[in-house]
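All remarks here apply to the structure that follows.
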Amino acid sequence: MIFHTVVSLRPRIGRFAPIAILAASTLSAAVAWGSDAPSSAETTSQSYAEFHTDDETNNIEIFKRASASVVNITNSRLVRSPYSLNPQSVPQGSGTGFVWGDEGYIVTNFHVVQQANRVTVTLQDGSTFDARAVGLDPDKDLAVLKIDADDVELVPVELGDSGLLEVGRKVIAIGNPFGLDTTMTVGIVSALGREIDSVSRRKIRDVIQTDAAINPGNSGGPLLNSLGQLVGVNTAIYSPSGASSGIGFAIPVNTVKRVVPELIAYGRVQTPILGITPVPQPDYYRRLWGIQGVIVMGTVPNTEPALKGMRGLSRSQRGRIQLGDVIVEIDGREIANESDYADVMEEHRPGDIVEVITLRDNQRLRYEIELQAPQNN
């Protein structure tokens with residue numbers, strides 16, 4: 001036997017009928033007298049416009065304050081047309097940057113402007129300027145551009161402190177993913193202290209990992225904290241497809257604050273030199289000799305390592321290559337390879353005196369070396 005449920009559609013008349021009739025009468029009167037009472041749609045719209053959660057309010061304020069500092073960067077390369085001898089400008093890609101100070105400097109990633117013959121910068125108001133490279137640092141994937149925008153009021157980004165970040169803190173990315181200008185995405189700090197490879201294959205350390213969506217075109221854009229302050233420069237994503245996968249990386253602003261002023265002043269980072277020449281293909285020779293450290297191939301003439309007796313490679317009477325000094329420690333820091341060596345050098349400035357420990361013939365030797373400025377300034 002099959003049972004059917006029957007639902008009656010007839011209006012029920014009961015003790016609530018007078019109330020319903022009264023409400024209907026009141027509504028009819030209001031309509032008849034042309035009442036100004038807002039409709040439910042208007043009330044909902046007004047309520048939504050006036051209501052924000054604290055987080056929404058924070059997001060809106062950050063975007064309004066920081067988006068004016070974000071720029072779109074387009075790079076192009078001059079190629080010779082097969083039908084003409086005249087070079088033509090061919091677009092290569094686009095990225096993001098941000099205003100640094102009030103003198104027309106723009107900070108972005110090195111890979112955004114790499115191999116470009118022409119770079120244009122578009123501000124939020126739509127004005128476009130040709131830009132020239134002031135300084136480049138492929139090891140940190142940073143570049144500084146300069147635009148002549150004397151007639152435009154530039155809005156520099158406010159600098160924060162990446163050392164105050166914690167996992168779980170909110171971060172905001174503003175950029176131009178896939179050419180969609182001034183797009184904001186929100187996420188958190190997923191991890192700190194990551195390492196990624198730069199264009200030059202050097203390790204970029206202390207990198208910020210975030211799940212804020214970062215896509216092609218976001219490169220070089222700012223990563224902001226809840227105060228709208230710069231805490232990182234978006235530089236890479238981990239994605240097999242090339243689109244955001246929830247794993248993005250940003251160069252910490254404390255690194256940026258150290259590098260950018262030197263790029264502006266000198267065109268390159270003023271990493272000091274010790275006065276030695278490392279061997280080429282060092283990994284091969286470390287495996288060959290079963291050692292760790294930086295193998296000194298030679299010393300630069302008239303530098304302290306040369307004057308204080310540090311030795312490079314030499315040949316025995318039988319023609320075999322003999323090891324000289326192998327740097328294993330600088331200022332108490334273990335040096336296992338050239339990356340460790342470069343990291344220590346970046347933490348110092350020309351004129352600093354460092355203690356260098358080397359191994360030679362199974363003996364530990366100690367040198368005090370004054371670091372020199374780069375020779376090709």
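Order determines the names: the first chain of the structure tokens is A, the second B, and so forth; residues in each chain are numbered 1 upward, and ligands are numbered 1 upward as they are shown.
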
Neighbouring residues of Gln281 of chain A were defined as those with any atom within 12 Å, considering only C-alpha atoms; residues of the same chain fewer than 4 positions away were excluded. Please report them as an mmCIF file with N, CA and C atoms, in the first residue's frame.
data_model
loop_
_atom_site.group_PDB
_atom_site.id
_atom_site.type_symbol
_atom_site.label_atom_id
_atom_site.label_comp_id
_atom_site.auth_asym_id
_atom_site.auth_seq_id
_atom_site.Cartn_x
_atom_site.Cartn_y
_atom_site.Cartn_z
ATOM 1 N N TYR A 285 85.656 19.243 -7.017
ATOM 2 C CA TYR A 285 86.922 19.108 -6.286
ATOM 3 C C TYR A 285 86.698 18.732 -4.825
ATOM 4 N N ARG A 286 85.592 19.180 -4.242
ATOM 5 C CA ARG A 286 85.311 18.754 -2.869
ATOM 6 C C ARG A 286 85.069 17.245 -2.817
ATOM 7 N N ARG A 287 84.331 16.731 -3.806
ATOM 8 C CA ARG A 287 84.119 15.277 -3.854
ATOM 9 C C ARG A 287 85.428 14.543 -4.145
ATOM 10 N N LEU A 288 86.246 15.124 -5.029
ATOM 11 C CA LEU A 288 87.515 14.495 -5.400
ATOM 12 C C LEU A 288 88.424 14.333 -4.191
ATOM 13 N N VAL A 294 85.640 26.121 1.425
ATOM 14 C CA VAL A 294 85.923 26.862 0.196
ATOM 15 C C VAL A 294 87.396 26.672 -0.151
ATOM 16 N N ILE A 295 87.640 26.026 -1.273
ATOM 17 C CA ILE A 295 89.012 25.748 -1.707
ATOM 18 C C ILE A 295 89.592 27.010 -2.334
ATOM 19 N N MET A 297 91.801 28.846 -4.680
ATOM 20 C CA MET A 297 92.587 28.585 -5.890
ATOM 21 C C MET A 297 93.800 29.501 -5.933
ATOM 22 N N ASN A 337 80.586 25.541 1.957
ATOM 23 C CA ASN A 337 80.593 25.732 0.505
ATOM 24 C C ASN A 337 80.553 27.222 0.185
ATOM 25 N N GLU A 338 80.488 27.536 -1.098
ATOM 26 C CA GLU A 338 80.517 28.931 -1.541
ATOM 27 C C GLU A 338 79.269 29.697 -1.112
#

Worksheet item: Between A:Phe249, A:Ile62, A:Leu313, A:Leu224, which has the minimum distance to Pro280 of chain A (counting only C-alpha atoms)?
Response: A:Leu313

Discussion item. I need the residue nearest Ile106 of chain A from this list: A:Val260, A:Val171, A:Val253, A:Ile208. Use only C-alpha atoms for the distance.
Written reply: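 Once distances to Ile106 of chain A are computed over only C-alpha atoms, the minimum belongs to A:Val260.
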
Given only C-alpha atoms, how would the per-residue table for segment 238-301 of chain A near segment 132-144 of chain A read, listing every residue at most 9 Å away with its closest atom pair and distance in Å to one decimal, sorted by chain and number, as a tab-separated table?
residue	atom	partner	partner_atom	distance
A:Ile251	CA	A:Lys140	CA	7.9
A:Thr255	CA	A:Lys140	CA	8.5
A:Val256	CA	A:Leu142	CA	7.9
A:Val259	CA	A:Asp137	CA	8.1
A:Val260	CA	A:Val144	CA	7.0
A:Glu262	CA	A:Gly135	CA	8.2
A:Leu263	CA	A:Gly135	CA	4.5
A:Ile264	CA	A:Gly135	CA	6.0
A:Ala265	CA	A:Gly135	CA	8.4
A:Tyr266	CA	A:Gly135	CA	7.3
A:Gly267	CA	A:Gly135	CA	3.9
A:Arg268	CA	A:Gly135	CA	5.6
A:Val269	CA	A:Asp137	CA	6.9

Discussion item. For Ala342 of chain A, find every residue with an atom within 12 Å (counting only C-alpha atoms), except residues of its own chain fewer than 5 positions away, and show them as a ChimeraX atom specification.
Written reply: /A:139-140,202-205,271-274,278,294,330,333,335-337,347-348

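Nearest-residue note for Ile357 of chain A: choosing from A:Ile327, A:Val344, A:Val199, A:Ile188, the minimum distance belongs to A:Ile327, counting only C-alpha atoms.
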
Worksheet entry | Members of segment 218-323 of chain A assigned strand (DSSP E) by DSSP, as a list of chain:residue names | A:Pro222, A:Leu223, A:Leu224, A:Leu230, A:Val231, A:Gly232, A:Val233, A:Asn234, A:Thr235, A:Ala236, A:Ile237, A:Gly248, A:Phe249, A:Ala250, A:Ile251, A:Pro252, A:Ile276, A:Thr277, A:Pro278, A:Val294, A:Ile295, A:Val296, A:Met297, A:Gly298, A:Thr299, A:Ser314, A:Arg315, A:Ile321, A:Gln322

Output C-alpha atoms for every residue in the selection just made, as an mmCIF file, in the first residue's frame.
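Written out: again-v5.cif:
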data_model
loop_
_atom_site.group_PDB
_atom_site.id
_atom_site.type_symbol
_atom_site.label_atom_id
_atom_site.label_comp_id
_atom_site.auth_asym_id
_atom_site.auth_seq_id
_atom_site.Cartn_x
_atom_site.Cartn_y
_atom_site.Cartn_z
ATOM 1 C CA PRO A 222 54.362 44.088 -2.205
ATOM 2 C CA LEU A 223 53.395 41.686 0.551
ATOM 3 C CA LEU A 224 51.823 43.768 3.311
ATOM 4 C CA LEU A 230 55.701 46.276 3.377
ATOM 5 C CA VAL A 231 56.987 43.012 4.845
ATOM 6 C CA GLY A 232 58.072 41.251 1.660
ATOM 7 C CA VAL A 233 58.448 41.339 -2.116
ATOM 8 C CA ASN A 234 56.498 38.596 -3.885
ATOM 9 C CA THR A 235 58.905 36.656 -6.034
ATOM 10 C CA ALA A 236 57.900 33.060 -6.730
ATOM 11 C CA ILE A 237 55.276 30.358 -6.445
ATOM 12 C CA GLY A 248 53.951 31.601 -2.599
ATOM 13 C CA PHE A 249 57.257 33.122 -1.549
ATOM 14 C CA ALA A 250 58.352 36.661 -0.739
ATOM 15 C CA ILE A 251 61.775 38.199 -0.108
ATOM 16 C CA PRO A 252 61.723 39.629 3.441
ATOM 17 C CA ILE A 276 90.879 35.111 -2.620
ATOM 18 C CA THR A 277 89.850 33.312 -5.793
ATOM 19 C CA PRO A 278 87.699 30.195 -5.272
ATOM 20 C CA VAL A 294 85.923 26.862 0.196
ATOM 21 C CA ILE A 295 89.012 25.748 -1.707
ATOM 22 C CA VAL A 296 91.353 28.679 -2.305
ATOM 23 C CA MET A 297 92.587 28.585 -5.890
ATOM 24 C CA GLY A 298 94.716 31.700 -5.438
ATOM 25 C CA THR A 299 95.031 35.021 -3.660
ATOM 26 C CA SER A 314 99.940 24.513 -6.561
ATOM 27 C CA ARG A 315 101.569 21.703 -8.546
ATOM 28 C CA ILE A 321 97.610 19.526 -8.052
ATOM 29 C CA GLN A 322 98.229 20.174 -4.366
#

Worksheet entry | Atomic distance atom CA of Tyr105 of chain A - atom CA of Ser200 of chain A, expressed in Å with one decimal |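 If I compute the distance from atom CA of Tyr105 of chain A to atom CA of Ser200 of chain A, I get 23.7 Å.
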
Excluding segment 117-120 of chain A and any residue of its chain fewer than 4 positions from it, enumerate the residues within 9 Å of it, using only C-alpha atoms, and give them as a short mmCIF file (atom, residue, chain, number, x, y, z; two decimals) with C-alpha atoms, in the first residue's frame.
data_model
loop_
_atom_site.label_atom_id
_atom_site.label_comp_id
_atom_site.auth_asym_id
_atom_site.auth_seq_id
_atom_site.Cartn_x
_atom_site.Cartn_y
_atom_site.Cartn_z
CA ASN A 72 52.40 47.77 -13.31
CA ILE A 73 55.67 46.98 -15.10
CA THR A 74 55.86 45.93 -18.73
CA ASN A 75 59.13 44.87 -20.31
CA SER A 76 59.90 44.48 -23.98
CA ARG A 77 62.89 43.40 -26.00
CA LEU A 78 64.15 44.88 -29.26
CA SER A 89 59.89 46.33 -29.58
CA VAL A 113 63.13 43.21 -16.07
CA THR A 128 52.82 55.63 -18.05
CA PHE A 129 56.56 56.34 -17.92
CA ASP A 130 59.66 54.87 -19.48
CA ALA A 131 61.92 53.48 -16.78
CA ARG A 132 65.65 52.87 -16.63
CA ALA A 133 67.46 50.37 -14.46
CA LEU A 145 64.11 51.32 -11.63
CA ILE A 147 61.09 57.09 -13.63
#

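Atom CA of Glu346 of chain A is positioned 13.2 Å from atom CA of Asn254 of chain A.
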
Discussion item. Between atom CA of Tyr48 of chain A and atom CA of Asp125 of chain A, what is the distance in Å, rounded to a tenth?
Written reply: 28.7 Å
